[in-house]
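Chemist: Okay, so here is run10.cif, and as you'll see once you scroll down, it has mmCIF, C-alpha atoms and all ligand atoms.
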data_query
#
loop_
_atom_site.label_atom_id
_atom_site.label_comp_id
_atom_site.auth_asym_id
_atom_site.auth_seq_id
_atom_site.Cartn_x
_atom_site.Cartn_y
_atom_site.Cartn_z
CA MET J 1 -55.99 -47.13 -13.52
CA LEU J 2 -55.77 -45.81 -10.02
CA PRO J 3 -58.89 -45.36 -7.85
CA LEU J 4 -59.22 -41.69 -6.89
CA VAL J 5 -61.50 -40.11 -4.32
CA TYR J 6 -62.56 -36.49 -4.70
CA HIS J 7 -65.43 -34.13 -3.93
CA PRO J 8 -65.90 -30.64 -5.46
CA ALA J 9 -66.88 -29.31 -2.02
CA TYR J 10 -63.25 -29.70 -0.85
CA SER J 11 -62.48 -26.24 -2.24
CA PHE J 12 -64.83 -23.31 -1.83
CA PRO J 13 -64.46 -19.54 -2.28
CA PHE J 14 -62.04 -18.46 0.44
CA ASP J 15 -59.62 -15.67 1.33
CA GLU J 16 -56.77 -16.19 -1.16
CA LYS J 17 -54.29 -14.56 1.23
CA HIS J 18 -55.07 -16.96 4.07
CA ARG J 19 -52.20 -19.30 5.01
CA PHE J 20 -54.44 -22.26 4.33
CA ALA J 21 -54.80 -22.67 0.55
CA MET J 22 -58.44 -23.73 0.37
CA SER J 23 -58.26 -23.69 -3.44
CA LYS J 24 -55.58 -26.37 -3.61
CA PHE J 25 -57.95 -29.36 -3.72
CA GLY J 26 -59.89 -28.14 -6.75
CA ARG J 27 -56.69 -26.98 -8.42
CA LEU J 28 -55.04 -30.34 -7.75
CA PHE J 29 -57.99 -32.22 -9.21
CA ALA J 30 -57.91 -29.99 -12.32
CA TYR J 31 -54.16 -30.59 -12.62
CA LEU J 32 -54.63 -34.38 -12.36
CA ASN J 33 -57.27 -34.22 -15.10
CA GLN J 34 -54.97 -32.15 -17.24
CA ARG J 35 -52.21 -34.72 -16.83
CA GLY J 36 -54.61 -37.50 -17.84
CA LEU J 37 -54.34 -39.17 -14.44
CA VAL J 38 -58.08 -39.32 -13.74
CA ASP J 39 -60.01 -42.28 -15.09
CA PRO J 40 -63.73 -41.40 -14.76
CA SER J 41 -64.54 -45.09 -14.18
CA GLN J 42 -62.17 -45.09 -11.19
CA LEU J 43 -63.34 -41.81 -9.69
CA TYR J 44 -65.29 -41.94 -6.45
CA ARG J 45 -67.23 -39.20 -4.70
CA PRO J 46 -67.63 -39.54 -0.93
CA ALA J 47 -70.84 -38.70 0.90
CA LYS J 48 -71.21 -36.52 3.97
CA ALA J 49 -70.46 -38.25 7.28
CA LYS J 50 -73.12 -38.83 9.86
CA ALA J 51 -72.19 -37.36 13.23
CA SER J 52 -71.91 -40.92 14.59
CA LEU J 53 -69.00 -41.71 12.22
CA ILE J 54 -67.12 -38.58 13.31
CA ALA J 55 -67.86 -39.48 16.94
CA LEU J 56 -65.75 -42.64 16.58
CA ALA J 57 -62.77 -40.36 17.16
CA HIS J 58 -64.30 -37.19 18.61
CA ASP J 59 -66.31 -35.85 21.49
CA ALA J 60 -69.99 -35.72 20.47
CA ALA J 61 -70.46 -32.24 21.96
CA TYR J 62 -67.50 -30.85 19.98
CA VAL J 63 -68.89 -32.41 16.78
CA SER J 64 -72.38 -30.99 17.21
CA GLN J 65 -71.15 -27.55 18.29
CA PHE J 66 -68.91 -27.31 15.23
CA ILE J 67 -71.72 -28.43 12.90
CA GLU J 68 -74.16 -25.96 14.44
CA GLY J 69 -71.63 -23.12 14.51
CA THR J 70 -71.81 -22.70 18.26
CA LEU J 71 -68.18 -23.41 19.14
CA PRO J 72 -66.69 -20.61 21.27
CA PHE J 73 -64.66 -18.00 19.39
CA LYS J 74 -61.47 -19.25 21.02
CA ALA J 75 -62.05 -22.80 19.76
CA MET J 76 -62.57 -21.55 16.19
CA ARG J 77 -59.46 -19.38 16.48
CA GLU J 78 -57.45 -22.48 17.44
CA ILE J 79 -58.69 -24.23 14.30
CA GLY J 80 -57.52 -21.18 12.37
CA LEU J 81 -60.31 -21.22 9.76
CA PRO J 82 -63.45 -19.05 9.89
CA TRP J 83 -66.66 -21.00 10.45
CA SER J 84 -68.97 -21.33 7.45
CA ALA J 85 -71.57 -23.79 6.18
CA GLN J 86 -69.10 -24.74 3.43
CA LEU J 87 -66.39 -25.47 6.00
CA VAL J 88 -68.82 -27.75 7.83
CA GLU J 89 -69.69 -29.52 4.59
CA ARG J 90 -66.07 -30.19 3.57
CA SER J 91 -65.15 -31.21 7.12
CA LEU J 92 -67.91 -33.84 7.09
CA ILE J 93 -67.08 -35.15 3.61
CA SER J 94 -63.30 -35.45 3.87
CA PRO J 95 -63.21 -38.18 6.59
CA VAL J 96 -65.60 -40.27 4.48
CA GLY J 97 -63.22 -39.66 1.57
CA THR J 98 -60.30 -41.09 3.52
CA LEU J 99 -62.41 -44.03 4.68
CA LEU J 100 -63.58 -44.71 1.11
CA THR J 101 -59.96 -44.48 -0.12
CA ALA J 102 -58.94 -47.04 2.49
CA GLN J 103 -61.77 -49.38 1.44
CA LEU J 104 -60.71 -49.02 -2.21
CA ALA J 105 -57.10 -49.73 -1.24
CA LEU J 106 -58.20 -52.94 0.50
CA ARG J 107 -59.95 -53.98 -2.71
CA HIS J 108 -57.41 -52.77 -5.30
CA GLY J 109 -54.11 -52.54 -3.41
CA LEU J 110 -53.67 -48.80 -3.84
CA ALA J 111 -56.01 -45.80 -3.84
CA CYS J 112 -55.51 -42.05 -3.44
CA HIS J 113 -57.57 -39.31 -1.79
CA VAL J 114 -57.43 -35.79 -3.25
CA ALA J 115 -57.62 -34.39 0.32
CA GLY J 116 -57.15 -35.69 3.87
CA GLY J 117 -54.48 -35.72 6.52
CA THR J 118 -56.06 -33.41 9.11
CA HIS J 119 -53.82 -34.81 11.81
CA HIS J 120 -53.87 -31.87 14.27
CA ALA J 121 -57.54 -32.47 15.08
CA HIS J 122 -57.83 -33.75 18.65
CA TYR J 123 -60.61 -35.62 20.47
CA ASP J 124 -62.50 -32.54 21.62
CA HIS J 125 -60.93 -29.65 19.73
CA GLY J 126 -59.46 -28.73 16.40
CA ARG J 127 -56.10 -27.09 15.76
CA GLY J 128 -53.81 -26.02 12.92
CA PHE J 129 -56.47 -25.91 10.13
CA CYS J 130 -57.76 -29.33 11.18
CA VAL J 131 -61.37 -29.82 12.32
CA PHE J 132 -61.92 -33.59 12.35
CA ASN J 133 -59.20 -36.24 12.22
CA ASP J 134 -59.91 -38.20 9.04
CA LEU J 135 -57.00 -40.59 9.71
CA ALA J 136 -58.25 -41.64 13.15
CA ILE J 137 -61.89 -41.76 12.02
CA ALA J 138 -61.09 -43.95 9.00
CA ALA J 139 -58.82 -46.30 10.98
CA LYS J 140 -61.36 -46.73 13.79
CA SER J 141 -64.20 -47.27 11.35
CA LEU J 142 -62.29 -49.93 9.37
CA VAL J 143 -61.51 -51.86 12.53
CA LYS J 144 -65.06 -51.49 13.82
CA GLN J 145 -66.50 -52.77 10.52
CA GLY J 146 -64.10 -55.72 10.59
CA LEU J 147 -62.46 -54.62 7.33
CA ALA J 148 -59.03 -54.42 8.93
CA GLU J 149 -57.50 -55.61 12.17
CA ARG J 150 -54.22 -53.72 12.14
CA VAL J 151 -53.94 -50.28 10.55
CA LEU J 152 -50.72 -48.31 10.27
CA ILE J 153 -50.98 -44.54 9.93
CA PHE J 154 -47.70 -43.56 8.32
CA ASP J 155 -47.54 -39.78 8.54
CA CYS J 156 -44.84 -37.98 6.55
CA ASP J 157 -46.28 -34.46 6.87
CA VAL J 158 -43.52 -32.16 8.16
CA HIS J 159 -45.56 -31.49 11.32
CA GLN J 160 -46.12 -34.15 13.94
CA GLY J 161 -49.47 -35.96 13.78
CA ASP J 162 -50.20 -35.00 17.37
CA GLY J 163 -53.99 -35.30 17.22
CA THR J 164 -53.79 -38.73 15.63
CA ALA J 165 -51.28 -39.92 18.24
CA ARG J 166 -53.42 -38.75 21.17
CA ILE J 167 -56.76 -40.00 19.84
CA LEU J 168 -55.30 -43.44 19.10
CA ALA J 169 -52.92 -43.68 22.08
CA ASP J 170 -54.86 -46.54 23.68
CA ASP J 171 -55.95 -48.24 20.47
CA SER J 172 -53.77 -51.30 19.90
CA SER J 173 -55.35 -51.97 16.48
CA VAL J 174 -53.85 -48.79 15.07
CA PHE J 175 -50.14 -48.00 14.99
CA THR J 176 -49.29 -44.31 14.62
CA CYS J 177 -45.96 -43.34 13.10
CA SER J 178 -44.95 -39.74 12.50
CA VAL J 179 -41.82 -38.65 10.65
CA HIS J 180 -41.56 -34.92 11.20
CA CYS J 181 -39.31 -31.91 11.76
CA LYS J 182 -38.31 -31.73 15.42
CA GLN J 183 -38.32 -27.93 15.62
CA ASN J 184 -41.64 -27.47 13.82
CA TYR J 185 -45.25 -27.15 15.05
CA PRO J 186 -46.60 -28.36 17.42
CA ALA J 187 -44.18 -27.12 20.07
CA ARG J 188 -45.51 -29.67 22.55
CA LYS J 189 -45.30 -33.01 20.81
CA ALA J 190 -47.56 -35.96 21.53
CA LEU J 191 -46.32 -39.54 21.84
CA SER J 192 -46.98 -41.57 18.69
CA ASP J 193 -46.32 -45.31 18.68
CA LEU J 194 -43.23 -44.31 16.73
CA ASP J 195 -41.87 -40.78 16.32
CA VAL J 196 -38.93 -40.16 14.02
CA GLU J 197 -37.67 -36.60 14.35
CA VAL J 198 -35.68 -34.89 11.64
CA GLU J 199 -33.59 -31.81 12.45
CA LYS J 200 -34.50 -28.45 10.93
CA GLY J 201 -32.77 -27.87 7.59
CA ALA J 202 -32.35 -31.58 6.78
CA ALA J 203 -32.09 -32.28 3.06
CA ASP J 204 -32.92 -35.30 0.89
CA GLU J 205 -30.34 -37.79 2.08
CA VAL J 206 -30.99 -37.42 5.81
CA TYR J 207 -34.74 -37.16 5.33
CA LEU J 208 -35.05 -40.21 3.08
CA LEU J 209 -32.97 -42.30 5.48
CA ALA J 210 -35.29 -41.26 8.32
CA VAL J 211 -38.37 -42.27 6.31
CA HIS J 212 -36.84 -45.62 5.43
CA ASP J 213 -35.74 -46.24 8.99
CA ALA J 214 -39.28 -45.44 10.19
CA MET J 215 -40.82 -47.92 7.75
CA ALA J 216 -38.39 -50.64 8.74
CA GLN J 217 -39.19 -50.07 12.43
CA CYS J 218 -42.95 -50.13 11.73
CA ALA J 219 -42.63 -53.36 9.76
CA ALA J 220 -40.58 -54.94 12.55
CA SER J 221 -42.94 -54.04 15.38
CA PHE J 222 -46.37 -54.08 13.75
CA SER J 223 -47.54 -56.00 10.76
CA PRO J 224 -50.34 -53.90 9.26
CA ASP J 225 -53.08 -55.14 6.98
CA LEU J 226 -53.51 -51.60 5.67
CA VAL J 227 -51.33 -48.48 5.57
CA ILE J 228 -52.77 -44.97 5.44
CA PHE J 229 -49.96 -42.82 4.08
CA ASP J 230 -49.99 -39.06 4.70
CA ALA J 231 -47.88 -37.76 1.81
CA GLY J 232 -47.62 -34.16 3.06
CA VAL J 233 -45.53 -31.93 0.80
CA ASP J 234 -44.70 -29.36 3.47
CA VAL J 235 -41.32 -31.09 3.79
CA PHE J 236 -40.45 -29.22 0.57
CA ALA J 237 -37.56 -26.73 0.83
CA GLY J 238 -39.74 -23.85 -0.43
CA ASP J 239 -42.72 -24.54 1.84
CA ARG J 240 -43.92 -21.56 3.91
CA LEU J 241 -44.24 -23.61 7.09
CA GLY J 242 -41.79 -26.42 6.46
CA LEU J 243 -38.29 -25.80 7.92
CA LEU J 244 -36.84 -28.76 5.99
CA ASP J 245 -34.78 -28.62 2.81
CA VAL J 246 -36.22 -31.53 0.82
CA SER J 247 -36.29 -31.21 -2.99
CA MET J 248 -39.17 -32.20 -5.26
CA GLU J 249 -37.07 -35.15 -6.41
CA GLY J 250 -36.66 -36.06 -2.73
CA ILE J 251 -40.44 -36.04 -2.31
CA ARG J 252 -40.84 -38.20 -5.41
CA ILE J 253 -38.31 -40.71 -4.09
CA ARG J 254 -40.02 -40.74 -0.69
CA ASP J 255 -43.43 -41.44 -2.20
CA GLU J 256 -42.07 -44.14 -4.47
CA SER J 257 -40.15 -45.83 -1.66
CA VAL J 258 -43.18 -45.83 0.66
CA LEU J 259 -45.43 -47.33 -2.01
CA ARG J 260 -42.81 -49.90 -3.05
CA PHE J 261 -42.01 -50.85 0.56
CA TRP J 262 -45.57 -51.68 1.60
CA ARG J 263 -46.93 -52.91 -1.71
CA GLY J 264 -43.83 -55.11 -2.01
CA ARG J 265 -44.97 -56.76 1.22
CA GLY J 266 -48.50 -57.15 -0.11
CA VAL J 267 -49.92 -54.46 2.18
CA PRO J 268 -52.63 -52.20 0.67
CA VAL J 269 -51.88 -48.46 0.78
CA ALA J 270 -54.34 -45.56 0.92
CA THR J 271 -52.81 -42.12 0.43
CA VAL J 272 -53.94 -38.68 1.62
CA ILE J 273 -52.35 -35.40 0.52
CA GLY J 274 -51.56 -33.83 3.91
CA GLY J 275 -50.06 -30.38 4.36
CA GLY J 276 -48.46 -27.98 1.92
CA TYR J 277 -48.22 -24.20 2.10
CA ASP J 278 -47.39 -21.68 -0.61
CA HIS J 279 -48.56 -18.24 -1.73
CA ASP J 280 -48.64 -19.72 -5.21
CA HIS J 281 -51.63 -22.04 -5.04
CA ALA J 282 -51.13 -23.43 -8.55
CA ALA J 283 -47.54 -24.43 -7.78
CA LEU J 284 -48.70 -25.97 -4.50
CA ALA J 285 -51.41 -28.00 -6.23
CA GLU J 286 -48.84 -29.37 -8.70
CA ARG J 287 -46.54 -30.25 -5.80
CA HIS J 288 -49.36 -32.30 -4.26
CA GLY J 289 -49.69 -33.97 -7.68
CA SER J 290 -46.46 -35.84 -6.99
CA ILE J 291 -47.99 -38.73 -5.03
CA PHE J 292 -50.62 -39.28 -7.74
CA GLU J 293 -48.02 -39.21 -10.54
CA THR J 294 -45.87 -41.71 -8.65
CA ALA J 295 -48.84 -43.95 -7.85
CA VAL J 296 -50.07 -43.99 -11.46
CA GLN J 297 -46.55 -44.63 -12.75
CA LEU J 298 -45.92 -47.54 -10.38
CA LYS J 299 -49.35 -48.94 -11.15
CA SER J 300 -48.82 -48.82 -14.91
CA ASP J 301 -45.38 -50.41 -14.44
CA GLY J 302 -47.11 -53.21 -12.55
CA VAL J 303 -45.04 -52.52 -9.42
CA VAL J 304 -47.87 -51.80 -6.99
ZN ZN R 1 -48.13 -30.10 7.98
#
Show me, as structure tokens, the structure contained in the file I just sent.

Modeler:
Amino acid sequence: MLPLVYHPAYSFPFDEKHRFAMSKFGRLFAYLNQRGLVDPSQLYRPAKAKASLIALAHDAAYVSQFIEGTLPFKAMREIGLPWSAQLVERSLISPVGTLLTAQLALRHGLACHVAGGTHHAHYDHGRGFCVFNDLAIAAKSLVKQGLAERVLIFDCDVHQGDGTARILADDSSVFTCSVHCKQNYPARKALSDLDVEVEKGAADEVYLLAVHDAMAQCAASFSPDLVIFDAGVDVFAGDRLGLLDVSMEGIRIRDESVLRFWRGRGVPVATVIGGGYDHDHAALAERHGSIFETAVQLKSDGVV
């Protein structure tokens, strides 16, 4: 079965009307259990990060101020989530979850995190519901530990991975690729190692070609020994913040083609769920289930 990484602290009681669906992680995990996709012997629970791990990608003062709850009001407003002890807890656990998923992927070929993809978190500030950048932290930690030499962050969330791009701009061990909607947030884009922009309103055919083109370019210019795949579902046509017109079948094909592409080249893949926005949290959680369903299917078919 597929190694899964999850912690119950990912979801905590939260304003149900808030744009950020805090309940989606717990709902997604329940949905995966319901579908029989969770093997208890392959389920891993990450610990809380020490500040030093977070500081691999972030300013130490920002990290300690967030943990202590002393960030200025304006900085919390930019993050877009109200400060709470539970928010601190989940923000410290999730990067370890992505790191653990990457370590499991290196061992087993493929592993999935039931969270992760907080790619708008920058070196010394958070933005867009992102506090700490799990992708950058995990990649830096893997390289530092000598577990990987060349990590590709392949980000298919509909929004550009601007925080990831800036944090890792000078890090030649990590290649950042973002496939995103040109007209979407953030208005001021960063410079990833590779940015592939898709026009607003693009549907399956155009979108899937862009994803494939991005992978081919990544493979040609950087040969990774691990891929961290952000399988954001906010590319979905019905997403509240998406602006693209991709169907659920389109998302399924994307996920399958990404897993087949890299696994077919023998490269381990760690997945994170990324963004997804919907008033209907149950529907959103099921949408995020897509990457897990595809991963389990390909695994049982012996493809990945
Ligand atoms: Zn997003």

Chemist: Taking only C-alpha atoms and all ligand atoms into account, which residues have an atom no farther than 9 Å from ligand ZN 1 (chain R)? I'd like them as a PDB file with C-alpha atoms, in the frame of the given file.

Modeler:
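Dumped everything to out_2.pdb:
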ATOM      1  CA  GLY J 117     -54.480 -35.720   6.520  1.00  0.00           C
ATOM      2  CA  THR J 118     -56.060 -33.410   9.110  1.00  0.00           C
ATOM      3  CA  HIS J 119     -53.820 -34.810  11.810  1.00  0.00           C
ATOM      4  CA  HIS J 120     -53.870 -31.870  14.270  1.00  0.00           C
ATOM      5  CA  GLY J 128     -53.810 -26.020  12.920  1.00  0.00           C
ATOM      6  CA  CYS J 156     -44.840 -37.980   6.550  1.00  0.00           C
ATOM      7  CA  ASP J 157     -46.280 -34.460   6.870  1.00  0.00           C
ATOM      8  CA  VAL J 158     -43.520 -32.160   8.160  1.00  0.00           C
ATOM      9  CA  HIS J 159     -45.560 -31.490  11.320  1.00  0.00           C
ATOM     10  CA  GLN J 160     -46.120 -34.150  13.940  1.00  0.00           C
ATOM     11  CA  GLY J 161     -49.470 -35.960  13.780  1.00  0.00           C
ATOM     12  CA  HIS J 180     -41.560 -34.920  11.200  1.00  0.00           C
ATOM     13  CA  TYR J 185     -45.250 -27.150  15.050  1.00  0.00           C
ATOM     14  CA  GLY J 232     -47.620 -34.160   3.060  1.00  0.00           C
ATOM     15  CA  VAL J 233     -45.530 -31.930   0.800  1.00  0.00           C
ATOM     16  CA  ASP J 234     -44.700 -29.360   3.470  1.00  0.00           C
ATOM     17  CA  VAL J 235     -41.320 -31.090   3.790  1.00  0.00           C
ATOM     18  CA  LEU J 241     -44.240 -23.610   7.090  1.00  0.00           C
ATOM     19  CA  GLY J 242     -41.790 -26.420   6.460  1.00  0.00           C
ATOM     20  CA  GLY J 274     -51.560 -33.830   3.910  1.00  0.00           C
ATOM     21  CA  GLY J 275     -50.060 -30.380   4.360  1.00  0.00           C
ATOM     22  CA  GLY J 276     -48.460 -27.980   1.920  1.00  0.00           C
ATOM     23  CA  TYR J 277     -48.220 -24.200   2.100  1.00  0.00           C
TER      24      TYR J 277
END

Chemist: Please provide the set of residues having any atom within 12 Å of Ala220 of chain J, restricted to all atoms listed in the file, with same-chain residues fewer than 6 positions apart removed, written as a count of residues only.

Modeler: 3

Chemist: Would you work out the distance separating atom CA of Ile273 of chain J from atom CA of Ala115 of chain J, expressed in Å to one decimal?

Modeler: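 Result for atom CA of Ile273 of chain J versus atom CA of Ala115 of chain J: 5.4 Å, one decimal.
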
Chemist: Any idea what the distance is between atom CA of Pro268 of chain J and atom CA of Tyr123 of chain J?

Modeler: 27.0 Å

Chemist: Between atom CA of Ala49 of chain J and atom CA of Leu110 of chain J, what distance in Å does the model show, to one decimal?

Modeler: 22.7 Å

Chemist: For Ala136 of chain J, please output as number ranges by chain all residues within 9 Å (counting all atoms listed in the file; exclusion window: fewer than 3 positions along the same chain).

Modeler: J: 56-57, 95, 119, 132-133, 139-141, 153, 163-165, 167-168, 174
